[in-house]
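Colleague: What follows is upload.pdb, PDB, C-alpha atoms, pLDDT in the B column.
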ATOM      1  CA  MET A 344      54.814 175.026  94.314  1.00 69.00           C
ATOM      2  CA  PRO A 345      54.525 171.670  96.097  1.00 79.00           C
ATOM      3  CA  GLU A 346      57.086 170.709  98.693  1.00 88.00           C
ATOM      4  CA  ALA A 347      60.208 168.849  97.623  1.00 92.00           C
ATOM      5  CA  ALA A 348      60.031 165.076  97.311  1.00 96.00           C
ATOM      6  CA  GLU A 349      62.656 162.382  97.680  1.00 96.00           C
ATOM      7  CA  LEU A 350      63.210 159.246  95.627  1.00 97.00           C
ATOM      8  CA  LEU A 351      65.092 156.677  97.680  1.00 97.00           C
ATOM      9  CA  VAL A 352      66.856 154.052  95.566  1.00 96.00           C
ATOM     10  CA  CYS A 353      68.162 150.830  97.084  1.00 95.00           C
ATOM     11  CA  VAL A 354      71.646 150.469  95.604  1.00 94.00           C
ATOM     12  CA  LYS A 355      72.120 146.981  97.060  1.00 89.00           C
ATOM     13  CA  CYS A 356      69.291 145.307  95.133  1.00 87.00           C
ATOM     14  CA  ARG A 357      70.382 142.208  93.223  1.00 85.00           C
ATOM     15  CA  ARG A 358      67.067 141.760  91.425  1.00 85.00           C
ATOM     16  CA  GLY A 359      67.116 138.050  92.139  1.00 77.00           C
ATOM     17  CA  GLN A 360      70.436 137.519  90.418  1.00 77.00           C
ATOM     18  CA  GLU A 361      73.744 136.170  91.606  1.00 77.00           C
ATOM     19  CA  ILE A 362      76.102 139.137  91.386  1.00 76.00           C
ATOM     20  CA  PRO A 363      79.887 138.698  91.584  1.00 76.00           C
ATOM     21  CA  GLU A 364      81.319 140.397  94.658  1.00 74.00           C
ATOM     22  CA  ASP A 365      83.076 143.142  92.689  1.00 74.00           C
ATOM     23  CA  ASP A 366      80.327 143.771  90.151  1.00 82.00           C
ATOM     24  CA  ARG A 367      77.806 146.591  90.160  1.00 88.00           C
ATOM     25  CA  ARG A 368      74.432 145.536  91.450  1.00 91.00           C
ATOM     26  CA  PRO A 369      71.239 146.249  89.489  1.00 93.00           C
ATOM     27  CA  GLY A 370      70.183 148.698  92.212  1.00 94.00           C
ATOM     28  CA  GLN A 371      73.409 150.647  91.758  1.00 94.00           C
ATOM     29  CA  VAL A 372      72.932 150.635  87.979  1.00 95.00           C
ATOM     30  CA  LEU A 373      69.393 151.923  88.445  1.00 96.00           C
ATOM     31  CA  TYR A 374      70.593 154.721  90.706  1.00 97.00           C
ATOM     32  CA  GLU A 375      73.271 155.756  88.224  1.00 96.00           C
ATOM     33  CA  ALA A 376      70.809 155.653  85.325  1.00 97.00           C
ATOM     34  CA  LEU A 377      68.534 158.003  87.266  1.00 97.00           C
ATOM     35  CA  MET A 378      71.378 160.352  88.100  1.00 96.00           C
ATOM     36  CA  ASP A 379      72.406 160.450  84.420  1.00 96.00           C
ATOM     37  CA  ARG A 380      69.001 161.874  83.543  1.00 95.00           C
ATOM     38  CA  GLU A 381      67.643 165.297  84.284  1.00 91.00           C
ATOM     39  CA  ALA A 382      65.791 165.085  87.578  1.00 86.00           C
ATOM     40  CA  PRO A 383      62.420 166.836  87.826  1.00 88.00           C
ATOM     41  CA  GLU A 384      62.670 170.098  89.753  1.00 90.00           C
ATOM     42  CA  GLY A 385      62.067 169.597  93.459  1.00 93.00           C
ATOM     43  CA  LEU A 386      63.047 165.927  93.405  1.00 95.00           C
ATOM     44  CA  ARG A 387      66.024 164.665  95.360  1.00 95.00           C
ATOM     45  CA  ILE A 388      67.401 161.223  94.492  1.00 96.00           C
ATOM     46  CA  THR A 389      69.032 159.440  97.419  1.00 96.00           C
ATOM     47  CA  PRO A 390      70.907 156.135  97.453  1.00 96.00           C
ATOM     48  CA  VAL A 391      70.077 153.837 100.371  1.00 95.00           C
ATOM     49  CA  GLU A 392      71.625 150.562 101.383  1.00 91.00           C
ATOM     50  CA  CYS A 393      68.612 148.318 101.884  1.00 88.00           C
ATOM     51  CA  LEU A 394      64.857 148.809 101.895  1.00 90.00           C
ATOM     52  CA  GLN A 395      64.411 145.107 102.802  1.00 89.00           C
ATOM     53  CA  ASN A 396      62.222 144.216  99.881  1.00 87.00           C
ATOM     54  CA  CYS A 397      65.028 141.980  98.638  1.00 84.00           C
ATOM     55  CA  ASP A 398      62.825 139.290  97.061  1.00 85.00           C
ATOM     56  CA  HIS A 399      61.163 141.827  94.771  1.00 88.00           C
ATOM     57  CA  GLY A 400      63.921 144.301  93.864  1.00 87.00           C
ATOM     58  CA  CYS A 401      64.945 146.625  92.502  1.00 94.00           C
ATOM     59  CA  THR A 402      63.129 148.749  95.042  1.00 95.00           C
ATOM     60  CA  VAL A 403      62.548 152.473  95.543  1.00 97.00           C
ATOM     61  CA  ALA A 404      60.528 154.673  97.871  1.00 97.00           C
ATOM     62  CA  LEU A 405      58.943 158.069  97.328  1.00 98.00           C
ATOM     63  CA  ARG A 406      58.371 160.430 100.218  1.00 97.00           C
ATOM     64  CA  GLY A 407      58.453 164.062 101.232  1.00 95.00           C
ATOM     65  CA  GLY A 408      56.385 166.829 102.790  1.00 93.00           C
ATOM     66  CA  ASP A 409      52.930 165.830 103.993  1.00 94.00           C
ATOM     67  CA  ARG A 410      52.646 163.031 101.470  1.00 96.00           C
ATOM     68  CA  TRP A 411      52.023 159.343 101.896  1.00 96.00           C
ATOM     69  CA  THR A 412      55.284 157.404 101.502  1.00 97.00           C
ATOM     70  CA  TYR A 413      55.145 154.720  98.785  1.00 97.00           C
ATOM     71  CA  VAL A 414      57.437 151.736  98.251  1.00 96.00           C
ATOM     72  CA  PHE A 415      57.593 150.221  94.762  1.00 96.00           C
ATOM     73  CA  GLY A 416      59.287 146.969  93.766  1.00 95.00           C
ATOM     74  CA  ASN A 417      60.120 144.818  90.751  1.00 95.00           C
ATOM     75  CA  LEU A 418      61.931 147.645  89.002  1.00 96.00           C
ATOM     76  CA  HIS A 419      64.384 147.023  86.177  1.00 95.00           C
ATOM     77  CA  GLU A 420      67.525 149.117  85.961  1.00 94.00           C
ATOM     78  CA  VAL A 421      67.388 149.428  82.161  1.00 95.00           C
ATOM     79  CA  SER A 422      63.682 149.553  81.299  1.00 96.00           C
ATOM     80  CA  HIS A 423      62.356 151.653  84.155  1.00 97.00           C
ATOM     81  CA  PRO A 424      64.386 154.823  84.839  1.00 97.00           C
ATOM     82  CA  ASP A 425      62.250 157.054  82.581  1.00 97.00           C
ATOM     83  CA  MET A 426      58.984 155.671  83.938  1.00 97.00           C
ATOM     84  CA  LEU A 427      60.307 156.145  87.445  1.00 97.00           C
ATOM     85  CA  LEU A 428      61.213 159.802  86.930  1.00 97.00           C
ATOM     86  CA  ASP A 429      57.847 160.411  85.285  1.00 97.00           C
ATOM     87  CA  GLY A 430      56.078 158.788  88.254  1.00 97.00           C
ATOM     88  CA  ALA A 431      58.250 160.698  90.728  1.00 97.00           C
ATOM     89  CA  MET A 432      57.345 163.953  88.984  1.00 96.00           C
ATOM     90  CA  ARG A 433      53.628 163.135  89.234  1.00 96.00           C
ATOM     91  CA  TYR A 434      54.102 162.224  92.889  1.00 97.00           C
ATOM     92  CA  GLN A 435      55.946 165.439  93.577  1.00 96.00           C
ATOM     93  CA  ALA A 436      53.123 167.401  91.944  1.00 95.00           C
ATOM     94  CA  THR A 437      50.670 166.140  94.578  1.00 96.00           C
ATOM     95  CA  THR A 438      50.369 167.476  98.098  1.00 95.00           C
ATOM     96  CA  ASP A 439      49.282 164.140  99.618  1.00 95.00           C
ATOM     97  CA  GLY A 440      51.297 161.645  97.539  1.00 96.00           C
ATOM     98  CA  LEU A 441      48.216 160.113  95.923  1.00 96.00           C
ATOM     99  CA  ILE A 442      48.803 160.240  92.161  1.00 97.00           C
ATOM    100  CA  PRO A 443      45.372 160.157  90.486  1.00 96.00           C
ATOM    101  CA  TRP A 444      44.779 156.557  89.410  1.00 95.00           C
ATOM    102  CA  ARG A 445      44.469 157.300  85.701  1.00 96.00           C
ATOM    103  CA  GLU A 446      47.740 159.256  85.723  1.00 96.00           C
ATOM    104  CA  ARG A 447      49.593 156.637  87.695  1.00 96.00           C
ATOM    105  CA  PRO A 448      52.236 154.648  85.796  1.00 97.00           C
ATOM    106  CA  GLU A 449      51.042 151.073  85.204  1.00 97.00           C
ATOM    107  CA  HIS A 450      54.093 149.769  87.032  1.00 97.00           C
ATOM    108  CA  PHE A 451      53.146 151.772  90.118  1.00 97.00           C
ATOM    109  CA  LYS A 452      49.614 150.356  90.026  1.00 95.00           C
ATOM    110  CA  ARG A 453      50.824 146.761  90.073  1.00 94.00           C
ATOM    111  CA  ASN A 454      53.991 146.928  92.142  1.00 95.00           C
ATOM    112  CA  CYS A 455      53.219 148.950  95.216  1.00 95.00           C
ATOM    113  CA  VAL A 456      54.841 147.051  98.066  1.00 93.00           C
ATOM    114  CA  ALA A 457      53.451 149.209 100.862  1.00 95.00           C
ATOM    115  CA  ARG A 458      52.568 152.775 101.711  1.00 95.00           C
ATOM    116  CA  ILE A 459      52.740 154.697 104.970  1.00 96.00           C
ATOM    117  CA  PRO A 460      50.610 157.688 105.915  1.00 95.00           C
ATOM    118  CA  PRO A 461      52.129 161.093 106.579  1.00 94.00           C
ATOM    119  CA  LEU A 462      52.600 162.078 110.192  1.00 88.00           C
ATOM    120  CA  THR A 463      50.306 165.031 109.776  1.00 72.00           C
ATOM    121  CA  THR A 464      46.906 163.735 108.672  1.00 52.00           C
ATOM    122  CA  ASP A 465      44.210 161.622 110.199  1.00 54.00           C
ATOM    123  CA  PRO A 466      45.017 158.323 108.531  1.00 49.00           C
ATOM    124  CA  VAL A 467      41.537 156.833 108.792  1.00 50.00           C
ATOM    125  CA  GLU A 468      39.722 159.799 107.327  1.00 48.00           C
ATOM    126  CA  GLU A 469      41.880 160.510 104.296  1.00 43.00           C
ATOM    127  CA  THR A 470      43.182 157.272 102.939  1.00 45.00           C
ATOM    128  CA  THR A 471      40.602 155.887 100.557  1.00 45.00           C
ATOM    129  CA  GLU A 472      41.817 155.763  96.976  1.00 48.00           C
TER     130      GLU A 472
ATOM    131  CA  MET B 993      63.850 157.903 127.620  1.00 68.00           C
ATOM    132  CA  PRO B 994      63.544 157.128 123.877  1.00 79.00           C
ATOM    133  CA  GLU B 995      61.123 159.138 121.781  1.00 88.00           C
ATOM    134  CA  ALA B 996      57.554 157.916 121.382  1.00 93.00           C
ATOM    135  CA  ALA B 997      56.831 155.352 118.665  1.00 96.00           C
ATOM    136  CA  GLU B 998      53.708 154.628 116.671  1.00 96.00           C
ATOM    137  CA  LEU B 999      52.228 151.295 115.637  1.00 97.00           C
ATOM    138  CA  LEU B1000      50.041 151.739 112.570  1.00 97.00           C
ATOM    139  CA  VAL B1001      47.502 148.947 112.100  1.00 96.00           C
ATOM    140  CA  CYS B1002      45.664 148.463 108.822  1.00 95.00           C
ATOM    141  CA  VAL B1003      42.049 147.906 109.868  1.00 94.00           C
ATOM    142  CA  LYS B1004      40.943 147.020 106.327  1.00 89.00           C
ATOM    143  CA  CYS B1005      43.087 143.885 105.959  1.00 87.00           C
ATOM    144  CA  ARG B1006      41.106 140.821 104.922  1.00 85.00           C
ATOM    145  CA  ARG B1007      44.036 138.423 105.374  1.00 85.00           C
ATOM    146  CA  GLY B1008      43.201 136.750 102.066  1.00 77.00           C
ATOM    147  CA  GLN B1009      39.678 135.867 103.121  1.00 77.00           C
ATOM    148  CA  GLU B1010      36.305 136.708 101.687  1.00 77.00           C
ATOM    149  CA  ILE B1011      34.691 138.866 104.363  1.00 76.00           C
ATOM    150  CA  PRO B1012      30.955 139.619 104.316  1.00 76.00           C
ATOM    151  CA  GLU B1013      30.297 143.330 103.806  1.00 74.00           C
ATOM    152  CA  ASP B1014      28.993 143.869 107.356  1.00 74.00           C
ATOM    153  CA  ASP B1015      31.536 141.684 109.137  1.00 82.00           C
ATOM    154  CA  ARG B1016      34.616 142.827 111.021  1.00 88.00           C
ATOM    155  CA  ARG B1017      37.784 142.395 109.025  1.00 91.00           C
ATOM    156  CA  PRO B1018      40.821 140.595 110.464  1.00 93.00           C
ATOM    157  CA  GLY B1019      42.699 143.911 110.493  1.00 94.00           C
ATOM    158  CA  GLN B1020      39.972 145.485 112.631  1.00 95.00           C
ATOM    159  CA  VAL B1021      40.009 142.466 114.969  1.00 95.00           C
ATOM    160  CA  LEU B1022      43.786 142.792 115.273  1.00 96.00           C
ATOM    161  CA  TYR B1023      43.512 146.485 116.093  1.00 97.00           C
ATOM    162  CA  GLU B1024      40.874 145.831 118.763  1.00 96.00           C
ATOM    163  CA  ALA B1025      42.920 142.990 120.245  1.00 97.00           C
ATOM    164  CA  LEU B1026      45.876 145.370 120.553  1.00 97.00           C
ATOM    165  CA  MET B1027      43.736 148.074 122.138  1.00 96.00           C
ATOM    166  CA  ASP B1028      42.372 145.558 124.657  1.00 96.00           C
ATOM    167  CA  ARG B1029      45.884 144.963 125.934  1.00 95.00           C
ATOM    168  CA  GLU B1030      48.066 147.289 127.937  1.00 91.00           C
ATOM    169  CA  ALA B1031      50.165 149.274 125.485  1.00 86.00           C
ATOM    170  CA  PRO B1032      53.850 149.730 126.291  1.00 88.00           C
ATOM    171  CA  GLU B1033      54.588 153.220 127.607  1.00 90.00           C
ATOM    172  CA  GLY B1034      55.472 155.601 124.807  1.00 93.00           C
ATOM    173  CA  LEU B1035      53.669 153.584 122.123  1.00 95.00           C
ATOM    174  CA  ARG B1036      50.714 154.996 120.248  1.00 95.00           C
ATOM    175  CA  ILE B1037      48.497 152.570 118.323  1.00 96.00           C
ATOM    176  CA  THR B1038      46.836 154.115 115.279  1.00 96.00           C
ATOM    177  CA  PRO B1039      44.258 152.560 112.927  1.00 96.00           C
ATOM    178  CA  VAL B1040      44.862 153.219 109.220  1.00 95.00           C
ATOM    179  CA  GLU B1041      42.721 152.362 106.247  1.00 91.00           C
ATOM    180  CA  CYS B1042      45.183 150.706 103.881  1.00 88.00           C
ATOM    181  CA  LEU B1043      48.927 150.146 103.845  1.00 90.00           C
ATOM    182  CA  GLN B1044      48.630 148.509 100.390  1.00 89.00           C
ATOM    183  CA  ASN B1045      50.212 145.243 101.330  1.00 87.00           C
ATOM    184  CA  CYS B1046      46.834 143.591 100.719  1.00 84.00           C
ATOM    185  CA  ASP B1047      48.177 140.246  99.427  1.00 85.00           C
ATOM    186  CA  HIS B1048      50.119 139.652 102.633  1.00 88.00           C
ATOM    187  CA  GLY B1049      47.923 141.087 105.397  1.00 87.00           C
ATOM    188  CA  CYS B1050      47.314 141.692 108.162  1.00 94.00           C
ATOM    189  CA  THR B1051      49.841 144.485 107.968  1.00 95.00           C
ATOM    190  CA  VAL B1052      51.303 146.980 110.436  1.00 97.00           C
ATOM    191  CA  ALA B1053      54.024 149.628 110.412  1.00 97.00           C
ATOM    192  CA  LEU B1054      56.288 150.886 113.188  1.00 98.00           C
ATOM    193  CA  ARG B1055      57.703 154.403 113.095  1.00 97.00           C
ATOM    194  CA  GLY B1056      58.577 157.369 115.244  1.00 95.00           C
ATOM    195  CA  GLY B1057      61.365 159.748 116.133  1.00 94.00           C
ATOM    196  CA  ASP B1058      64.610 159.286 114.215  1.00 94.00           C
ATOM    197  CA  ARG B1059      63.969 155.603 113.652  1.00 96.00           C
ATOM    198  CA  TRP B1060      63.756 153.557 110.480  1.00 96.00           C
ATOM    199  CA  THR B1061      60.129 152.834 109.622  1.00 97.00           C
ATOM    200  CA  TYR B1062      59.352 149.116 109.294  1.00 97.00           C
ATOM    201  CA  VAL B1063      56.382 147.433 107.598  1.00 96.00           C
ATOM    202  CA  PHE B1064      55.499 143.894 108.683  1.00 96.00           C
ATOM    203  CA  GLY B1065      53.010 141.563 107.004  1.00 95.00           C
ATOM    204  CA  ASN B1066      51.372 138.150 107.367  1.00 95.00           C
ATOM    205  CA  LEU B1067      50.076 138.936 110.835  1.00 96.00           C
ATOM    206  CA  HIS B1068      47.263 136.966 112.414  1.00 95.00           C
ATOM    207  CA  GLU B1069      44.671 138.775 114.492  1.00 94.00           C
ATOM    208  CA  VAL B1070      44.449 136.048 117.134  1.00 95.00           C
ATOM    209  CA  SER B1071      47.968 134.596 117.372  1.00 96.00           C
ATOM    210  CA  HIS B1072      50.059 137.749 117.022  1.00 97.00           C
ATOM    211  CA  PRO B1073      48.891 140.644 119.218  1.00 97.00           C
ATOM    212  CA  ASP B1074      51.203 139.787 122.146  1.00 97.00           C
ATOM    213  CA  MET B1075      54.204 139.234 119.859  1.00 97.00           C
ATOM    214  CA  LEU B1076      53.420 142.503 118.141  1.00 97.00           C
ATOM    215  CA  LEU B1077      53.325 144.517 121.361  1.00 97.00           C
ATOM    216  CA  ASP B1078      56.527 142.869 122.504  1.00 96.00           C
ATOM    217  CA  GLY B1079      58.194 143.737 119.196  1.00 97.00           C
ATOM    218  CA  ALA B1080      56.835 147.282 119.305  1.00 97.00           C
ATOM    219  CA  MET B1081      58.243 147.701 122.811  1.00 96.00           C
ATOM    220  CA  ARG B1082      61.673 146.536 121.635  1.00 96.00           C
ATOM    221  CA  TYR B1083      61.427 148.896 118.657  1.00 97.00           C
ATOM    222  CA  GLN B1084      60.457 151.778 120.878  1.00 96.00           C
ATOM    223  CA  ALA B1085      63.442 151.069 123.114  1.00 95.00           C
ATOM    224  CA  THR B1086      65.823 151.753 120.196  1.00 96.00           C
ATOM    225  CA  THR B1087      66.811 155.183 118.941  1.00 95.00           C
ATOM    226  CA  ASP B1088      67.270 154.081 115.309  1.00 95.00           C
ATOM    227  CA  GLY B1089      64.518 151.444 114.944  1.00 96.00           C
ATOM    228  CA  LEU B1090      66.970 148.569 114.464  1.00 96.00           C
ATOM    229  CA  ILE B1091      66.012 145.923 117.010  1.00 97.00           C
ATOM    230  CA  PRO B1092      69.131 143.800 117.653  1.00 96.00           C
ATOM    231  CA  TRP B1093      68.748 140.662 115.527  1.00 95.00           C
ATOM    232  CA  ARG B1094      68.821 138.230 118.432  1.00 96.00           C
ATOM    233  CA  GLU B1095      66.109 140.169 120.262  1.00 96.00           C
ATOM    234  CA  ARG B1096      63.935 140.528 117.191  1.00 96.00           C
ATOM    235  CA  PRO B1097      60.708 138.484 117.182  1.00 97.00           C
ATOM    236  CA  GLU B1098      60.963 135.597 114.702  1.00 97.00           C
ATOM    237  CA  HIS B1099      57.926 136.918 112.862  1.00 97.00           C
ATOM    238  CA  PHE B1100      59.638 140.266 112.321  1.00 97.00           C
ATOM    239  CA  LYS B1101      62.720 138.520 110.912  1.00 95.00           C
ATOM    240  CA  ARG B1102      60.742 136.662 108.277  1.00 94.00           C
ATOM    241  CA  ASN B1103      57.935 139.071 107.432  1.00 95.00           C
ATOM    242  CA  CYS B1104      59.481 142.474 106.921  1.00 95.00           C
ATOM    243  CA  VAL B1105      57.788 143.891 103.839  1.00 93.00           C
ATOM    244  CA  ALA B1106      59.949 146.999 103.557  1.00 95.00           C
ATOM    245  CA  ARG B1107      61.729 149.585 105.652  1.00 95.00           C
ATOM    246  CA  ILE B1108      62.343 153.268 105.075  1.00 96.00           C
ATOM    247  CA  PRO B1109      65.193 155.310 106.519  1.00 95.00           C
ATOM    248  CA  PRO B1110      64.582 158.218 108.860  1.00 94.00           C
ATOM    249  CA  LEU B1111      64.754 161.690 107.391  1.00 88.00           C
ATOM    250  CA  THR B1112      67.582 162.649 109.674  1.00 72.00           C
ATOM    251  CA  THR B1113      70.465 160.269 109.012  1.00 52.00           C
ATOM    252  CA  ASP B1114      72.756 159.516 106.116  1.00 54.00           C
ATOM    253  CA  PRO B1115      71.037 156.434 104.769  1.00 49.00           C
ATOM    254  CA  VAL B1116      74.096 154.955 103.073  1.00 50.00           C
ATOM    255  CA  GLU B1117      76.399 155.256 106.054  1.00 48.00           C
ATOM    256  CA  GLU B1118      74.194 153.900 108.782  1.00 43.00           C
ATOM    257  CA  THR B1119      72.001 151.189 107.371  1.00 45.00           C
ATOM    258  CA  THR B1120      73.904 147.935 107.524  1.00 45.00           C
ATOM    259  CA  GLU B1121      72.321 145.449 109.898  1.00 48.00           C
TER     260      GLU B1121
END
When written as structure tokens, how does the structure in this file appear?
Modeller:
Amino acid sequence: MPEAAELLVCVKCRRGQEIPEDDRRPGQVLYEALMDREAPEGLRITPVECLQNCDHGCTVALRGGDRWTYVFGNLHEVSHPDMLLDGAMRYQATTDGLIPWRERPEHFKRNCVARIPPLTTDPVEETTE
Amino acid sequence: MPEAAELLVCVKCRRGQEIPEDDRRPGQVLYEALMDREAPEGLRITPVECLQNCDHGCTVALRGGDRWTYVFGNLHEVSHPDMLLDGAMRYQATTDGLIPWRERPEHFKRNCVARIPPLTTDPVEETTE
């Protein structure tokens, strides 16, 4: 069984919109939509206040265990929750965080903002996708 | 004494240029320029193969201890090594990774690609800058 993984969801993302002060932000809506679904086993979903990818929100990050951490942007709170949980499940099934390219959701292929190597591996030797 | 910090430098960054196959890439030049300088105490500089911020390279990340991890883009291999070491030193001097805004290098203010909370804190309670 692979180690647990964590899906960090920026709940402050405005997704480029003007949001009234007292209204729910798209990032918050995305987080709630994820929490309303059944999370894959071994996946923790965590709200965070700002991942500083504000120009390309909504934004999430996937991390955990000895995996590469990935940041994905341009997410939509209505269209993307299912895709996101599917991608998170595939991520969690890996030991290194590298979802095989052909299994990777199209949105992940085109909207990776950045990735960060695990603390535990030699980043030059093991990073080629 | 704050915990050690790590500056990850993508050595594959092309900085938007066509680079001949056998030529050194801007990311590699940046890494070598950093290594030629005296690193701040407690800072480890690590080459990595790809941080997947390829459209806005050169790219680096700062992490370590209980700090937020930051990814910065649009770095130039000739103009930015000194700024980068200065910023890394200020980062390393913090316990949470949040360089006070007025001390933050201008380039860091405008070119943060993303940031990721430490594993150890409550990300909603402690993230407001």
Colleague: Select, from B:Glu1010, B:Asp1074, B:Glu1095, B:Glu1041, the residue with the minimum atom-to-atom distance to chain A, counting only C-alpha atoms.
Modeller: B:Glu1041
Colleague: Apply the ChimeraX specification (/B :<12) & /A to the displayed file and report the matching residues as a ChimeraX atom specification.
Modeller: /A:348-355,388-400,402-408,411-416,451-462,464-472
Colleague: Which residues come within 9 Å of stretch 376-383 of chain A, counting all atoms listed in the file, excluding same-chain residues fewer than 5 positions away, as a PyMOL selection string?
Modeller: chain A and resi 371+388+420-421+424-425+427-429+431-432+435
Colleague: Is it possible to see chain B as a CSV table (one decimal) with C-alpha atoms, keeping the file's coordinate frame, once it has been laid onto chain A by a least-squares fit on every C-alpha atom in order?
Modeller:
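So superposed_27.csv came out as:
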chain,number,residue,atom,x,y,z
B,993,MET,CA,54.8,175.1,94.3
B,994,PRO,CA,54.5,171.7,96.1
B,995,GLU,CA,57.1,170.7,98.7
B,996,ALA,CA,60.2,168.9,97.6
B,997,ALA,CA,60.0,165.1,97.3
B,998,GLU,CA,62.7,162.4,97.7
B,999,LEU,CA,63.2,159.3,95.6
B,1000,LEU,CA,65.1,156.7,97.7
B,1001,VAL,CA,66.9,154.1,95.6
B,1002,CYS,CA,68.2,150.8,97.1
B,1003,VAL,CA,71.7,150.5,95.6
B,1004,LYS,CA,72.1,147.0,97.0
B,1005,CYS,CA,69.3,145.3,95.1
B,1006,ARG,CA,70.4,142.2,93.2
B,1007,ARG,CA,67.1,141.8,91.4
B,1008,GLY,CA,67.1,138.1,92.1
B,1009,GLN,CA,70.5,137.5,90.4
B,1010,GLU,CA,73.8,136.2,91.6
B,1011,ILE,CA,76.1,139.1,91.4
B,1012,PRO,CA,79.9,138.7,91.6
B,1013,GLU,CA,81.3,140.4,94.7
B,1014,ASP,CA,83.1,143.1,92.7
B,1015,ASP,CA,80.3,143.8,90.1
B,1016,ARG,CA,77.8,146.6,90.2
B,1017,ARG,CA,74.4,145.5,91.4
B,1018,PRO,CA,71.2,146.2,89.5
B,1019,GLY,CA,70.2,148.7,92.2
B,1020,GLN,CA,73.4,150.7,91.8
B,1021,VAL,CA,72.9,150.6,88.0
B,1022,LEU,CA,69.4,151.9,88.4
B,1023,TYR,CA,70.6,154.7,90.7
B,1024,GLU,CA,73.3,155.8,88.2
B,1025,ALA,CA,70.8,155.6,85.3
B,1026,LEU,CA,68.5,158.0,87.3
B,1027,MET,CA,71.4,160.3,88.1
B,1028,ASP,CA,72.4,160.4,84.4
B,1029,ARG,CA,69.0,161.9,83.6
B,1030,GLU,CA,67.7,165.3,84.3
B,1031,ALA,CA,65.8,165.1,87.6
B,1032,PRO,CA,62.4,166.8,87.8
B,1033,GLU,CA,62.7,170.1,89.8
B,1034,GLY,CA,62.1,169.6,93.4
B,1035,LEU,CA,63.0,165.9,93.4
B,1036,ARG,CA,66.0,164.7,95.4
B,1037,ILE,CA,67.4,161.2,94.5
B,1038,THR,CA,69.0,159.5,97.4
B,1039,PRO,CA,70.9,156.1,97.4
B,1040,VAL,CA,70.1,153.8,100.4
B,1041,GLU,CA,71.6,150.5,101.4
B,1042,CYS,CA,68.6,148.3,101.9
B,1043,LEU,CA,64.9,148.8,101.9
B,1044,GLN,CA,64.4,145.1,102.8
B,1045,ASN,CA,62.2,144.2,99.9
B,1046,CYS,CA,65.0,142.0,98.6
B,1047,ASP,CA,62.8,139.3,97.0
B,1048,HIS,CA,61.2,141.8,94.8
B,1049,GLY,CA,63.9,144.3,93.9
B,1050,CYS,CA,65.0,146.6,92.5
B,1051,THR,CA,63.1,148.7,95.0
B,1052,VAL,CA,62.6,152.5,95.5
B,1053,ALA,CA,60.5,154.7,97.9
B,1054,LEU,CA,58.9,158.1,97.3
B,1055,ARG,CA,58.4,160.4,100.2
B,1056,GLY,CA,58.4,164.1,101.2
B,1057,GLY,CA,56.4,166.8,102.8
B,1058,ASP,CA,52.9,165.8,104.0
B,1059,ARG,CA,52.6,163.0,101.5
B,1060,TRP,CA,52.0,159.3,101.9
B,1061,THR,CA,55.3,157.4,101.5
B,1062,TYR,CA,55.1,154.7,98.8
B,1063,VAL,CA,57.4,151.7,98.2
B,1064,PHE,CA,57.6,150.2,94.8
B,1065,GLY,CA,59.3,147.0,93.8
B,1066,ASN,CA,60.1,144.8,90.7
B,1067,LEU,CA,61.9,147.6,89.0
B,1068,HIS,CA,64.4,147.0,86.2
B,1069,GLU,CA,67.5,149.1,86.0
B,1070,VAL,CA,67.4,149.4,82.2
B,1071,SER,CA,63.7,149.5,81.3
B,1072,HIS,CA,62.4,151.7,84.2
B,1073,PRO,CA,64.4,154.8,84.8
B,1074,ASP,CA,62.3,157.1,82.6
B,1075,MET,CA,59.0,155.7,83.9
B,1076,LEU,CA,60.3,156.1,87.4
B,1077,LEU,CA,61.2,159.8,86.9
B,1078,ASP,CA,57.9,160.4,85.3
B,1079,GLY,CA,56.1,158.8,88.2
B,1080,ALA,CA,58.2,160.7,90.7
B,1081,MET,CA,57.3,163.9,89.0
B,1082,ARG,CA,53.6,163.1,89.2
B,1083,TYR,CA,54.1,162.2,92.9
B,1084,GLN,CA,55.9,165.4,93.6
B,1085,ALA,CA,53.1,167.4,91.9
B,1086,THR,CA,50.7,166.1,94.6
B,1087,THR,CA,50.4,167.5,98.1
B,1088,ASP,CA,49.3,164.1,99.6
B,1089,GLY,CA,51.3,161.6,97.5
B,1090,LEU,CA,48.2,160.1,95.9
B,1091,ILE,CA,48.8,160.2,92.2
B,1092,PRO,CA,45.4,160.1,90.5
B,1093,TRP,CA,44.8,156.5,89.4
B,1094,ARG,CA,44.5,157.3,85.7
B,1095,GLU,CA,47.7,159.3,85.7
B,1096,ARG,CA,49.6,156.6,87.7
B,1097,PRO,CA,52.2,154.7,85.8
B,1098,GLU,CA,51.1,151.1,85.2
B,1099,HIS,CA,54.1,149.8,87.0
B,1100,PHE,CA,53.2,151.8,90.1
B,1101,LYS,CA,49.6,150.3,90.0
B,1102,ARG,CA,50.8,146.8,90.1
B,1103,ASN,CA,54.0,146.9,92.1
B,1104,CYS,CA,53.2,148.9,95.2
B,1105,VAL,CA,54.9,147.0,98.1
B,1106,ALA,CA,53.4,149.2,100.9
B,1107,ARG,CA,52.5,152.8,101.7
B,1108,ILE,CA,52.7,154.7,105.0
B,1109,PRO,CA,50.6,157.7,105.9
B,1110,PRO,CA,52.1,161.1,106.6
B,1111,LEU,CA,52.6,162.1,110.2
B,1112,THR,CA,50.3,165.0,109.8
B,1113,THR,CA,46.9,163.8,108.7
B,1114,ASP,CA,44.2,161.6,110.2
B,1115,PRO,CA,45.0,158.3,108.5
B,1116,VAL,CA,41.5,156.9,108.8
B,1117,GLU,CA,39.7,159.8,107.4
B,1118,GLU,CA,41.8,160.6,104.4
B,1119,THR,CA,43.2,157.4,103.0
B,1120,THR,CA,40.6,156.0,100.6
B,1121,GLU,CA,41.8,155.9,97.0
Colleague: Quick one: what's the axis-aligned box for stretch 1076-1087 of chain B, all listed atoms, 4 Å on every side, centre and edges in Å to one decimal, as AutoDock Vina command-line options?
Modeller:
--center_x 60.1 --center_y 148.8 --center_z 120.6 --size_x 21.5 --size_y 20.7 --size_z 13.0
